[in-house]
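To start, the structure itself, in structure tokens.
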Amino acid sequence: MLKGKKIVLGVTGGIAVYKAVDLVSKLRKEGAEVRVVMTESAAKFVTPLTFKEISGNAVAVSMWAEAQEFNVEHIALADWADFMVVAPATANILAKAANGIADDLLSTVLLASKTPIILCPAMNCQMYDNPITQNNLKKLADYGFIIMQPGTGRLACGTSGKGRLPEPAEIIAFTKNFIAHKEGDLQGLKILVTAAGTREPIDPVRFVGNRSSGKMGYAVAQVASERGADVVLVSGPSSLIPPANVEVVNVETTREMMNAVLAKYDDMDIVIKAAAVADYCPHEVAEQKIKKATDDALKIVLDKNPDILKKLGELKTKQFLVGFAAETQNLLSNAAEKIKKKNLDMIVANDVTVAGAGFNCDTNVVKFLFPNGEVKSLEKMSKLEVAQALLNEVKAARNK
Ligand code: CTP
């Protein structure tokens, strides 16, 4: 994915500069061409000669150095790049870029650039947490800079906190994800994915829920985003980290999920409902924790929740609607019934009793069913592979 890409790597003066050397080496191994621009402070940590040897290109530091092969170097570098990465990006360069200050070569290249710029902040955690830095980051994100979150851990200054430059391999993975998103085959499509199980409170400490981990829905959201779609992930409670470049709406109950989905529905091209939705909710939610009663049984009356997907099927205009059917028996007939009842364009059916399928595992064994009765059975595969196959089917069916 990085093969033949022209990357300007901005390197600013932090202790993490040594990682940037490895980053250049790894980017070149991936087939990218890298030109390094260093600030004067960065050149105090590692010499430009090191970057020259590793990148195989002249290294630019000063605005006033004798021109090498560029006429107006800052403009030429900005124009040459397919995209830029600044790693490590100190609080100082963030402040300059956020405010349009161009007082050295790197800040001038950043201001002159029309290409996408990925910033990898790295600094002492107190500098990172400082509202000034946080405001600058917010401003930069609003201006369209792509910001990679720093890692948390032990920092060079001896303290622990957020501010560590991610490892070169992580920066490369982030960069690839960004490129995939920019060049993917689902660009321009708005996809809403629901994931994980909803929870219905019984009292302040207990709830009715299910075993869904959210892995299938999160995998669909990740792959859709990597393939260029604009993704909204409406998620019930889950311990998973949401994928990068995805708008996340966190909900708890079925009604909250319904409201979140309906608020976005009109705007969506595709809706994929991987969530395990609680069909019932307690008739009454106790305000205080329910104490153990003296009689043996505790009876909770449950009311029926709305069927979100059925409602979406009724309101459907342009949207391509994909449901999931988790079954323990009569898989095909139950799933086919749900396609009709909910006015779906496709359903992903899985028998959750099969080994390697269903809740809380990394693999799944699914069948795709369509309104015309067509059934496609997939082998056992990872949830990410299921997500790829699912999106391929959606794309093909929409193009029919
Ligand atoms: N679904 C929904 N709202 C509900 C119940 C389910 O939107 N109240 C969606 C799920 O997200 C899934 C599909 O409907 O995409 C099928 O869910 P499933 O639980 O398999 O089926 P149900 O319609 O709930 O029927 P049953 O539980 O009787 O199998």
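Each chain in the structure tokens gets a letter, A, B, ..., in the order shown, and its residues are numbered from 1; ligands are numbered from 1 in order too.
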Any idea what's packed within 10 Å of Phe207 of chain A, counting only C-alpha atoms, ignoring anything in its chain fewer than 2 positions away? Could you give it as a PyMOL selection string?
chain A and resi 198-205+209-210+253+281-282+285
Output N, CA and C atoms for every residue in the selection just made, as a PDB file, in the first residue's frame.
ATOM      1  N   THR A 198     -27.528  -4.726  23.803  1.00  0.00           N
ATOM      2  CA  THR A 198     -28.096  -3.646  24.620  1.00  0.00           C
ATOM      3  C   THR A 198     -28.392  -4.197  26.018  1.00  0.00           C
ATOM      4  N   ARG A 199     -28.475  -3.283  26.965  1.00  0.00           N
ATOM      5  CA  ARG A 199     -28.731  -3.669  28.367  1.00  0.00           C
ATOM      6  C   ARG A 199     -29.949  -2.926  28.874  1.00  0.00           C
ATOM      7  N   GLU A 200     -30.800  -3.642  29.591  1.00  0.00           N
ATOM      8  CA  GLU A 200     -32.006  -3.022  30.143  1.00  0.00           C
ATOM      9  C   GLU A 200     -31.914  -3.046  31.660  1.00  0.00           C
ATOM     10  N   PRO A 201     -31.890  -1.869  32.286  1.00  0.00           N
ATOM     11  CA  PRO A 201     -31.702  -1.852  33.743  1.00  0.00           C
ATOM     12  C   PRO A 201     -32.882  -2.461  34.508  1.00  0.00           C
ATOM     13  N   ILE A 202     -32.537  -3.182  35.576  1.00  0.00           N
ATOM     14  CA  ILE A 202     -33.547  -3.709  36.513  1.00  0.00           C
ATOM     15  C   ILE A 202     -33.600  -2.767  37.718  1.00  0.00           C
ATOM     16  N   ASP A 203     -32.417  -2.403  38.176  1.00  0.00           N
ATOM     17  CA  ASP A 203     -32.273  -1.431  39.266  1.00  0.00           C
ATOM     18  C   ASP A 203     -30.918  -0.742  39.043  1.00  0.00           C
ATOM     19  N   PRO A 204     -30.457   0.128  39.933  1.00  0.00           N
ATOM     20  CA  PRO A 204     -29.210   0.854  39.614  1.00  0.00           C
ATOM     21  C   PRO A 204     -27.977  -0.041  39.412  1.00  0.00           C
ATOM     22  N   VAL A 205     -28.030  -1.299  39.849  1.00  0.00           N
ATOM     23  CA  VAL A 205     -26.819  -2.119  39.711  1.00  0.00           C
ATOM     24  C   VAL A 205     -27.002  -3.352  38.814  1.00  0.00           C
ATOM     25  N   GLY A 209     -29.317  -8.514  30.000  1.00  0.00           N
ATOM     26  CA  GLY A 209     -28.429  -8.328  28.849  1.00  0.00           C
ATOM     27  C   GLY A 209     -28.182  -9.636  28.138  1.00  0.00           C
ATOM     28  N   ASN A 210     -27.171  -9.662  27.283  1.00  0.00           N
ATOM     29  CA  ASN A 210     -26.839 -10.891  26.573  1.00  0.00           C
ATOM     30  C   ASN A 210     -25.322 -11.006  26.401  1.00  0.00           C
ATOM     31  N   THR A 253     -29.454   1.115  26.259  1.00  0.00           N
ATOM     32  CA  THR A 253     -30.701   0.347  26.119  1.00  0.00           C
ATOM     33  C   THR A 253     -31.124   0.262  24.648  1.00  0.00           C
ATOM     34  N   CYS A 281     -37.618  -5.420  28.126  1.00  0.00           N
ATOM     35  CA  CYS A 281     -37.030  -4.618  29.207  1.00  0.00           C
ATOM     36  C   CYS A 281     -37.936  -4.707  30.438  1.00  0.00           C
ATOM     37  N   PRO A 282     -37.358  -4.609  31.615  1.00  0.00           N
ATOM     38  CA  PRO A 282     -38.181  -4.678  32.822  1.00  0.00           C
ATOM     39  C   PRO A 282     -39.302  -3.631  32.789  1.00  0.00           C
ATOM     40  N   VAL A 285     -38.270  -0.016  36.479  1.00  0.00           N
ATOM     41  CA  VAL A 285     -36.871   0.007  36.919  1.00  0.00           C
ATOM     42  C   VAL A 285     -36.859   0.529  38.353  1.00  0.00           C
TER      43      VAL A 285
END
Give me the residues near Ile101 of chain A as a list in words, where near means some atom within 12 Å (using only C-alpha atoms) and where sequence neighbours in that chain fewer than 5 positions away do not count.
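So, after excluding close chain neighbours, the residues are Asn92, Ile93, Leu94, Ala95, Lys96, Leu106, Ser107, Thr108, Val109, Leu110, Leu111 and Ala112 of chain A.
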Residues just named, written with C-alpha atoms as a short mmCIF file (atom, residue, chain, number, x, y, z; two decimals), in the first residue's frame:
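New file part.cif:
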data_model
loop_
_atom_site.label_atom_id
_atom_site.label_comp_id
_atom_site.auth_asym_id
_atom_site.auth_seq_id
_atom_site.Cartn_x
_atom_site.Cartn_y
_atom_site.Cartn_z
CA ASN A 92 5.96 23.50 19.82
CA ILE A 93 5.33 22.37 16.22
CA LEU A 94 1.67 21.68 17.06
CA ALA A 95 1.33 25.23 18.40
CA LYS A 96 2.99 26.67 15.32
CA LEU A 106 9.29 22.43 8.60
CA SER A 107 6.59 24.83 9.83
CA THR A 108 6.74 26.58 6.44
CA VAL A 109 6.36 23.29 4.56
CA LEU A 110 3.37 22.42 6.78
CA LEU A 111 1.71 25.75 6.00
CA ALA A 112 2.45 25.49 2.28
#
May I ask you to write as a compact mmCIF listing (two decimals) with all heavy atoms, in the first residue's frame all residues lying at most 10 Å from ligand 1, with only C-alpha atoms and all ligand atoms counted?
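part_25.txt written:
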# COMPACT_ATOMS: atom_id res chain seq x y z
N VAL A 193 -23.34 1.08 11.43
CA VAL A 193 -23.22 -0.28 11.95
C VAL A 193 -23.66 -0.26 13.41
O VAL A 193 -23.26 0.64 14.16
CB VAL A 193 -21.75 -0.78 11.88
CG1 VAL A 193 -21.64 -2.20 12.39
CG2 VAL A 193 -21.20 -0.66 10.47
N THR A 194 -24.49 -1.22 13.81
CA THR A 194 -24.77 -1.34 15.25
C THR A 194 -24.02 -2.57 15.76
O THR A 194 -23.82 -3.54 15.04
CB THR A 194 -26.26 -1.48 15.58
OG1 THR A 194 -26.72 -2.74 15.10
CG2 THR A 194 -27.08 -0.35 14.99
N ALA A 195 -23.59 -2.49 17.01
CA ALA A 195 -22.76 -3.58 17.54
C ALA A 195 -23.01 -3.77 19.03
O ALA A 195 -23.52 -2.88 19.71
CB ALA A 195 -21.28 -3.25 17.31
N ALA A 196 -22.62 -4.94 19.51
CA ALA A 196 -22.69 -5.33 20.93
C ALA A 196 -24.15 -5.50 21.37
O ALA A 196 -25.07 -5.29 20.60
CB ALA A 196 -21.94 -4.34 21.81
N GLY A 197 -24.31 -5.87 22.63
CA GLY A 197 -25.67 -6.11 23.12
C GLY A 197 -26.21 -4.89 23.83
O GLY A 197 -25.44 -4.08 24.36
N THR A 198 -27.53 -4.73 23.80
CA THR A 198 -28.10 -3.65 24.62
C THR A 198 -28.39 -4.20 26.02
O THR A 198 -28.50 -5.41 26.21
CB THR A 198 -29.38 -3.07 23.99
OG1 THR A 198 -30.30 -4.12 23.76
CG2 THR A 198 -29.06 -2.37 22.68
N THR A 254 -32.13 -0.62 24.41
CA THR A 254 -32.66 -0.77 23.05
C THR A 254 -33.27 0.55 22.56
O THR A 254 -33.07 0.95 21.42
CB THR A 254 -33.72 -1.89 23.05
OG1 THR A 254 -33.05 -3.11 23.40
CG2 THR A 254 -34.38 -2.05 21.69
N ARG A 255 -34.00 1.21 23.44
CA ARG A 255 -34.62 2.49 23.02
C ARG A 255 -33.56 3.54 22.69
O ARG A 255 -33.70 4.29 21.72
CB ARG A 255 -35.56 3.01 24.10
CG ARG A 255 -36.93 2.39 23.98
CD ARG A 255 -37.90 2.82 25.06
NE ARG A 255 -38.97 1.85 25.11
CZ ARG A 255 -39.99 1.80 24.26
NH1 ARG A 255 -40.10 2.73 23.33
NH2 ARG A 255 -40.90 0.87 24.35
N MET A 257 -30.63 2.88 21.57
CA MET A 257 -30.05 2.47 20.28
C MET A 257 -30.99 2.88 19.15
O MET A 257 -30.56 3.41 18.12
CB MET A 257 -29.79 0.96 20.25
CG MET A 257 -29.19 0.50 18.94
SD MET A 257 -28.58 -1.19 18.98
CE MET A 257 -26.96 -0.99 19.68
N MET A 258 -32.28 2.66 19.37
CA MET A 258 -33.25 3.01 18.32
C MET A 258 -33.19 4.52 18.02
O MET A 258 -33.13 4.93 16.85
CB MET A 258 -34.67 2.62 18.75
CG MET A 258 -35.70 2.94 17.68
SD MET A 258 -37.30 2.29 18.07
CE MET A 258 -37.79 3.43 19.34
N VAL A 261 -30.02 5.40 16.11
CA VAL A 261 -30.04 4.93 14.71
C VAL A 261 -31.01 5.78 13.88
O VAL A 261 -30.68 6.21 12.77
CB VAL A 261 -30.43 3.43 14.65
CG1 VAL A 261 -30.63 2.98 13.22
CG2 VAL A 261 -29.34 2.58 15.32
N VAL A 271 -27.18 0.22 6.17
CA VAL A 271 -27.26 0.02 7.62
C VAL A 271 -27.04 -1.47 7.90
O VAL A 271 -27.68 -2.32 7.30
CB VAL A 271 -28.62 0.48 8.19
CG1 VAL A 271 -28.74 0.14 9.67
CG2 VAL A 271 -28.80 1.99 7.99
N ILE A 272 -26.10 -1.76 8.78
CA ILE A 272 -25.77 -3.15 9.09
C ILE A 272 -26.01 -3.36 10.59
O ILE A 272 -25.30 -2.79 11.43
CB ILE A 272 -24.30 -3.45 8.71
CG1 ILE A 272 -24.12 -3.19 7.20
CG2 ILE A 272 -23.94 -4.89 9.07
CD1 ILE A 272 -22.69 -3.28 6.70
N LYS A 273 -27.02 -4.17 10.91
CA LYS A 273 -27.43 -4.26 12.31
C LYS A 273 -26.89 -5.52 12.96
O LYS A 273 -27.57 -6.54 13.08
CB LYS A 273 -28.96 -4.22 12.39
CG LYS A 273 -29.50 -2.79 12.22
CD LYS A 273 -30.57 -2.45 13.24
CE LYS A 273 -30.03 -2.25 14.62
NZ LYS A 273 -30.58 -2.95 15.69
N ALA A 274 -25.63 -5.43 13.37
CA ALA A 274 -24.99 -6.60 13.99
C ALA A 274 -25.28 -6.68 15.49
O ALA A 274 -24.91 -7.65 16.14
CB ALA A 274 -23.48 -6.54 13.76
N ALA A 275 -25.93 -5.67 16.05
CA ALA A 275 -26.15 -5.65 17.50
C ALA A 275 -27.09 -6.76 17.93
O ALA A 275 -27.99 -7.16 17.21
CB ALA A 275 -26.72 -4.30 17.92
N ALA A 276 -26.82 -7.27 19.13
CA ALA A 276 -27.73 -8.23 19.76
C ALA A 276 -28.65 -7.41 20.65
O ALA A 276 -28.26 -6.98 21.74
CB ALA A 276 -26.95 -9.25 20.56
N VAL A 277 -29.83 -7.15 20.13
CA VAL A 277 -30.72 -6.20 20.79
C VAL A 277 -31.59 -6.92 21.82
O VAL A 277 -32.14 -7.98 21.53
CB VAL A 277 -31.61 -5.52 19.73
CG1 VAL A 277 -32.53 -4.50 20.38
CG2 VAL A 277 -30.75 -4.86 18.66
N ALA A 278 -31.70 -6.34 23.02
CA ALA A 278 -32.57 -6.94 24.05
C ALA A 278 -34.02 -6.76 23.62
O ALA A 278 -34.47 -5.64 23.40
CB ALA A 278 -32.31 -6.26 25.39
N ASP A 279 -34.73 -7.89 23.47
CA ASP A 279 -36.12 -7.82 22.98
C ASP A 279 -37.09 -7.36 24.07
O ASP A 279 -38.20 -6.95 23.77
CB ASP A 279 -36.56 -9.21 22.50
CG ASP A 279 -35.89 -9.57 21.18
OD1 ASP A 279 -35.69 -8.67 20.36
OD2 ASP A 279 -35.57 -10.76 20.98
N TYR A 280 -36.66 -7.47 25.32
CA TYR A 280 -37.56 -7.13 26.43
C TYR A 280 -36.84 -6.24 27.43
O TYR A 280 -35.61 -6.31 27.57
CB TYR A 280 -38.03 -8.40 27.14
CG TYR A 280 -38.93 -9.25 26.28
CD1 TYR A 280 -38.40 -10.23 25.45
CD2 TYR A 280 -40.31 -9.05 26.28
CE1 TYR A 280 -39.23 -11.00 24.64
CE2 TYR A 280 -41.14 -9.81 25.47
CZ TYR A 280 -40.60 -10.78 24.65
OH TYR A 280 -41.42 -11.52 23.85
N LYS A 304 -42.24 -5.73 26.05
CA LYS A 304 -41.58 -5.91 24.76
C LYS A 304 -40.92 -4.59 24.32
O LYS A 304 -41.52 -3.52 24.44
CB LYS A 304 -42.62 -6.33 23.73
CG LYS A 304 -42.02 -7.04 22.57
CD LYS A 304 -43.08 -7.82 21.83
CE LYS A 304 -42.42 -8.63 20.74
NZ LYS A 304 -43.36 -9.18 19.82
N ASN A 305 -39.71 -4.69 23.84
CA ASN A 305 -39.01 -3.52 23.29
C ASN A 305 -39.42 -3.34 21.83
O ASN A 305 -39.83 -4.30 21.18
CB ASN A 305 -37.50 -3.75 23.33
CG ASN A 305 -36.85 -3.13 24.54
OD1 ASN A 305 -37.35 -2.14 25.08
ND2 ASN A 305 -35.74 -3.69 24.97
N PRO A 306 -39.23 -2.16 21.29
CA PRO A 306 -39.48 -2.00 19.86
C PRO A 306 -38.47 -2.82 19.06
O PRO A 306 -37.34 -3.03 19.53
CB PRO A 306 -39.26 -0.50 19.62
CG PRO A 306 -38.49 -0.01 20.79
CD PRO A 306 -38.79 -0.92 21.94
N ASP A 307 -38.86 -3.28 17.88
CA ASP A 307 -37.92 -3.96 16.98
C ASP A 307 -37.32 -2.89 16.06
O ASP A 307 -37.99 -2.38 15.15
CB ASP A 307 -38.65 -5.04 16.17
CG ASP A 307 -37.68 -5.88 15.35
OD1 ASP A 307 -36.70 -5.31 14.81
OD2 ASP A 307 -37.89 -7.09 15.26
N ILE A 308 -36.07 -2.54 16.32
CA ILE A 308 -35.44 -1.42 15.60
C ILE A 308 -35.38 -1.72 14.11
O ILE A 308 -35.73 -0.90 13.27
CB ILE A 308 -34.00 -1.16 16.13
CG1 ILE A 308 -34.01 -0.98 17.65
CG2 ILE A 308 -33.38 0.05 15.45
CD1 ILE A 308 -32.62 -0.97 18.26
N LEU A 309 -34.93 -2.93 13.80
CA LEU A 309 -34.71 -3.29 12.39
C LEU A 309 -36.02 -3.31 11.62
O LEU A 309 -36.08 -2.90 10.45
CB LEU A 309 -34.00 -4.65 12.32
CG LEU A 309 -33.42 -5.05 10.99
CD1 LEU A 309 -32.53 -3.96 10.40
CD2 LEU A 309 -32.61 -6.35 11.12
N LYS A 310 -37.07 -3.79 12.29
CA LYS A 310 -38.38 -3.83 11.63
C LYS A 310 -38.82 -2.40 11.30
O LYS A 310 -39.31 -2.12 10.21
CB LYS A 310 -39.39 -4.51 12.56
CG LYS A 310 -40.72 -4.79 11.94
CD LYS A 310 -41.38 -5.97 12.66
CE LYS A 310 -42.76 -6.24 12.09
NZ LYS A 310 -43.77 -5.28 12.59
N LYS A 311 -38.59 -1.52 12.24
CA LYS A 311 -38.94 -0.11 12.01
C LYS A 311 -38.14 0.47 10.84
O LYS A 311 -38.68 1.19 10.00
CB LYS A 311 -38.64 0.68 13.30
CG LYS A 311 -39.33 2.00 13.36
CD LYS A 311 -39.36 2.55 14.77
CE LYS A 311 -40.24 3.77 14.88
NZ LYS A 311 -41.65 3.55 14.60
N LEU A 312 -36.84 0.14 10.80
CA LEU A 312 -35.99 0.64 9.70
C LEU A 312 -36.51 0.10 8.37
O LEU A 312 -36.51 0.81 7.36
CB LEU A 312 -34.54 0.22 9.90
CG LEU A 312 -33.82 0.75 11.15
CD1 LEU A 312 -32.37 0.27 11.17
CD2 LEU A 312 -33.85 2.28 11.20
N GLY A 313 -36.95 -1.16 8.38
CA GLY A 313 -37.51 -1.77 7.17
C GLY A 313 -38.75 -1.03 6.70
O GLY A 313 -38.96 -0.82 5.49
N LEU A 321 -30.42 -2.52 3.63
CA LEU A 321 -30.59 -2.92 5.04
C LEU A 321 -30.11 -4.36 5.26
O LEU A 321 -30.62 -5.29 4.65
CB LEU A 321 -32.08 -2.81 5.36
CG LEU A 321 -32.51 -2.43 6.76
CD1 LEU A 321 -31.74 -1.22 7.27
CD2 LEU A 321 -34.01 -2.14 6.78
N VAL A 322 -29.13 -4.50 6.15
CA VAL A 322 -28.59 -5.84 6.45
C VAL A 322 -28.88 -6.18 7.91
O VAL A 322 -28.52 -5.43 8.81
CB VAL A 322 -27.05 -5.88 6.24
CG1 VAL A 322 -26.52 -7.29 6.49
CG2 VAL A 322 -26.68 -5.40 4.85
N GLY A 323 -29.54 -7.32 8.12
CA GLY A 323 -29.78 -7.78 9.49
C GLY A 323 -28.89 -8.95 9.82
O GLY A 323 -28.24 -9.53 8.94
N PHE A 324 -28.85 -9.29 11.08
CA PHE A 324 -28.16 -10.50 11.53
C PHE A 324 -29.21 -11.41 12.17
O PHE A 324 -30.18 -10.92 12.74
CB PHE A 324 -27.08 -10.16 12.57
CG PHE A 324 -25.76 -9.81 11.96
CD1 PHE A 324 -25.60 -8.64 11.23
CD2 PHE A 324 -24.67 -10.65 12.09
CE1 PHE A 324 -24.39 -8.31 10.65
CE2 PHE A 324 -23.44 -10.34 11.53
CZ PHE A 324 -23.30 -9.18 10.81
N ALA A 325 -29.02 -12.69 12.07
CA ALA A 325 -29.92 -13.62 12.75
C ALA A 325 -29.07 -14.64 13.48
O ALA A 325 -28.37 -15.43 12.86
CB ALA A 325 -30.84 -14.30 11.75
N ALA A 326 -29.10 -14.55 14.79
CA ALA A 326 -28.38 -15.53 15.61
C ALA A 326 -29.42 -16.56 16.03
O ALA A 326 -30.40 -16.23 16.69
CB ALA A 326 -27.79 -14.84 16.83
N GLU A 327 -29.22 -17.79 15.60
CA GLU A 327 -30.22 -18.83 15.86
C GLU A 327 -29.58 -20.03 16.54
O GLU A 327 -28.37 -20.25 16.42
CB GLU A 327 -30.86 -19.30 14.53
CG GLU A 327 -31.44 -18.19 13.67
CD GLU A 327 -32.71 -17.56 14.23
OE1 GLU A 327 -33.29 -18.14 15.17
OE2 GLU A 327 -33.09 -16.47 13.77
N THR A 328 -30.41 -20.80 17.21
CA THR A 328 -29.93 -22.06 17.78
C THR A 328 -30.62 -23.25 17.11
O THR A 328 -30.29 -24.40 17.36
CB THR A 328 -30.19 -22.11 19.30
OG1 THR A 328 -31.58 -21.87 19.53
CG2 THR A 328 -29.36 -21.09 20.05
N GLN A 329 -31.62 -22.98 16.27
CA GLN A 329 -32.29 -24.06 15.51
C GLN A 329 -32.95 -23.46 14.27
O GLN A 329 -33.18 -22.25 14.21
CB GLN A 329 -33.33 -24.76 16.39
CG GLN A 329 -34.37 -23.79 16.94
CD GLN A 329 -35.34 -24.45 17.90
OE1 GLN A 329 -35.35 -25.67 18.04
NE2 GLN A 329 -36.17 -23.66 18.55
N LEU A 331 -32.03 -22.64 11.33
CA LEU A 331 -31.30 -21.43 10.92
C LEU A 331 -31.87 -20.79 9.64
O LEU A 331 -32.23 -19.60 9.63
CB LEU A 331 -29.82 -21.79 10.71
CG LEU A 331 -28.92 -20.65 10.24
CD1 LEU A 331 -28.79 -19.60 11.32
CD2 LEU A 331 -27.52 -21.16 9.90
N ASN A 334 -35.72 -19.64 9.82
CA ASN A 334 -35.88 -18.48 10.72
C ASN A 334 -35.30 -17.22 10.09
O ASN A 334 -35.89 -16.14 10.15
CB ASN A 334 -35.20 -18.73 12.06
CG ASN A 334 -36.03 -19.60 12.98
OD1 ASN A 334 -37.25 -19.70 12.80
ND2 ASN A 334 -35.40 -20.23 13.94
N ALA A 335 -34.11 -17.37 9.48
CA ALA A 335 -33.45 -16.19 8.89
C ALA A 335 -34.26 -15.68 7.70
O ALA A 335 -34.46 -14.47 7.54
CB ALA A 335 -32.04 -16.54 8.47
N GLU A 337 -37.38 -15.96 7.20
CA GLU A 337 -38.59 -15.33 7.75
C GLU A 337 -38.30 -13.88 8.17
O GLU A 337 -39.08 -12.96 7.93
CB GLU A 337 -39.05 -16.17 8.95
CG GLU A 337 -40.34 -15.74 9.62
CD GLU A 337 -41.54 -15.80 8.66
OE1 GLU A 337 -41.53 -16.62 7.71
OE2 GLU A 337 -42.44 -15.00 8.87
N LYS A 338 -37.12 -13.68 8.78
CA LYS A 338 -36.75 -12.33 9.27
C LYS A 338 -36.53 -11.37 8.09
O LYS A 338 -36.80 -10.18 8.21
CB LYS A 338 -35.50 -12.40 10.16
CG LYS A 338 -35.83 -12.93 11.55
CD LYS A 338 -34.61 -13.12 12.44
CE LYS A 338 -35.03 -13.89 13.70
NZ LYS A 338 -33.91 -14.32 14.50
N ILE A 339 -36.00 -11.89 6.96
CA ILE A 339 -35.82 -11.02 5.79
C ILE A 339 -37.16 -10.42 5.39
O ILE A 339 -37.28 -9.22 5.15
CB ILE A 339 -35.25 -11.80 4.58
CG1 ILE A 339 -33.81 -12.22 4.83
CG2 ILE A 339 -35.33 -10.95 3.31
CD1 ILE A 339 -33.06 -12.65 3.59
N LYS A 341 -40.13 -10.37 7.20
CA LYS A 341 -40.81 -9.62 8.26
C LYS A 341 -40.24 -8.21 8.42
O LYS A 341 -40.95 -7.27 8.74
CB LYS A 341 -40.66 -10.40 9.57
CG LYS A 341 -41.85 -10.28 10.49
CD LYS A 341 -41.78 -11.26 11.65
CE LYS A 341 -40.74 -10.84 12.66
NZ LYS A 341 -40.53 -11.83 13.73
N LYS A 342 -38.90 -8.09 8.21
CA LYS A 342 -38.27 -6.80 8.48
C LYS A 342 -37.90 -6.04 7.21
O LYS A 342 -37.22 -5.02 7.28
CB LYS A 342 -37.02 -7.02 9.36
CG LYS A 342 -37.34 -7.82 10.64
CD LYS A 342 -36.25 -7.75 11.67
CE LYS A 342 -36.53 -8.72 12.82
NZ LYS A 342 -35.78 -8.43 14.02
N LEU A 344 -35.77 -6.68 4.67
CA LEU A 344 -34.31 -6.54 4.56
C LEU A 344 -33.83 -6.80 3.13
O LEU A 344 -34.53 -7.44 2.34
CB LEU A 344 -33.62 -7.54 5.51
CG LEU A 344 -34.06 -7.49 6.97
CD1 LEU A 344 -33.30 -8.52 7.79
CD2 LEU A 344 -33.84 -6.10 7.56
N ILE A 347 -29.51 -10.86 4.90
CA ILE A 347 -29.36 -11.20 6.32
C ILE A 347 -28.14 -12.10 6.49
O ILE A 347 -27.83 -12.91 5.60
CB ILE A 347 -30.65 -11.82 6.92
CG1 ILE A 347 -30.64 -11.75 8.45
CG2 ILE A 347 -30.87 -13.26 6.45
CD1 ILE A 347 -32.01 -11.84 9.09
N VAL A 348 -27.43 -11.91 7.59
CA VAL A 348 -26.27 -12.74 7.90
C VAL A 348 -26.73 -13.69 9.00
O VAL A 348 -27.05 -13.25 10.11
CB VAL A 348 -25.11 -11.86 8.42
CG1 VAL A 348 -23.88 -12.71 8.70
CG2 VAL A 348 -24.80 -10.76 7.42
N ALA A 349 -26.81 -14.98 8.65
CA ALA A 349 -27.36 -15.93 9.62
C ALA A 349 -26.25 -16.76 10.22
O ALA A 349 -25.34 -17.21 9.50
CB ALA A 349 -28.36 -16.84 8.91
N ASN A 350 -26.28 -16.94 11.52
CA ASN A 350 -25.33 -17.88 12.10
C ASN A 350 -25.96 -18.69 13.22
O ASN A 350 -26.78 -18.18 13.99
CB ASN A 350 -24.02 -17.21 12.54
CG ASN A 350 -24.18 -16.27 13.69
OD1 ASN A 350 -25.21 -15.63 13.81
ND2 ASN A 350 -23.19 -16.20 14.54
Residues near Gln149 of chain A, anyone? I mean within 8 Å using only C-alpha atoms, not counting same-chain ones fewer than 2 positions away, as a list in words.
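Skipping anything fewer than 2 positions along the chain leaves Cys120, Pro121, Ile147 and Gly151 of chain A.
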Write out as an NGL selection string the residues lying within 12 Å of segment 131-134 of chain A, counting only C-alpha atoms and excluding same-chain residues fewer than 3 positions away.
:A and (89-99 or 121-128 or 137-141 or 147 or 149 or 163)
Would you mind reading off the distance between atom CA of Gly214 of chain A and atom CA of Val375 of chain A, one decimal, in Å?
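Value for the atom CA of Gly214 of chain A-atom CA of Val375 of chain A distance: 24.7 Å.
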Skip Glu183 of chain A itself and residues of its chain fewer than 6 positions away, then list as a compact mmCIF listing (two decimals) with N, CA and C atoms, in the first residue's frame all residues within 12 Å of it, counting only C-alpha atoms.
# COMPACT_ATOMS: atom_id res chain seq x y z
N MET A 1 0.81 -1.22 0.00
CA MET A 1 0.00 0.00 0.00
C MET A 1 0.85 1.27 0.00
N LEU A 2 2.03 1.16 0.59
CA LEU A 2 2.90 2.34 0.65
C LEU A 2 3.88 2.38 -0.53
N LYS A 176 -1.29 3.31 6.92
CA LYS A 176 -1.93 2.44 5.92
C LYS A 176 -3.45 2.54 6.03
N ASN A 177 -3.92 2.56 7.26
CA ASN A 177 -5.37 2.67 7.48
C ASN A 177 -5.88 3.97 6.86
N SER A 225 -14.58 1.21 7.27
CA SER A 225 -13.80 2.45 7.35
C SER A 225 -12.50 2.31 6.56
N GLU A 226 -11.83 1.16 6.72
CA GLU A 226 -10.58 0.95 5.99
C GLU A 226 -10.81 0.98 4.48
N ARG A 227 -12.02 0.58 4.06
CA ARG A 227 -12.31 0.58 2.63
C ARG A 227 -12.91 1.91 2.17
N GLY A 228 -12.85 2.90 3.03
CA GLY A 228 -13.16 4.26 2.59
C GLY A 228 -14.53 4.80 2.93
N ALA A 229 -15.39 3.97 3.53
CA ALA A 229 -16.73 4.47 3.85
C ALA A 229 -16.68 5.43 5.04
Long-range neighbours of Met381 of chain A as an MDAnalysis selection string, 8 Å cut-off, only C-alpha atoms, 3 positions minimum in chain
chainID A and resid 363:365 378 385:386
Best match for closeness to Asp103 of chain A among A:Lys318, A:Pro150, A:Ser62, A:Gly10, counting only C-alpha atoms:
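Closest to Asp103 of chain A, using only C-alpha atoms: A:Ser62.
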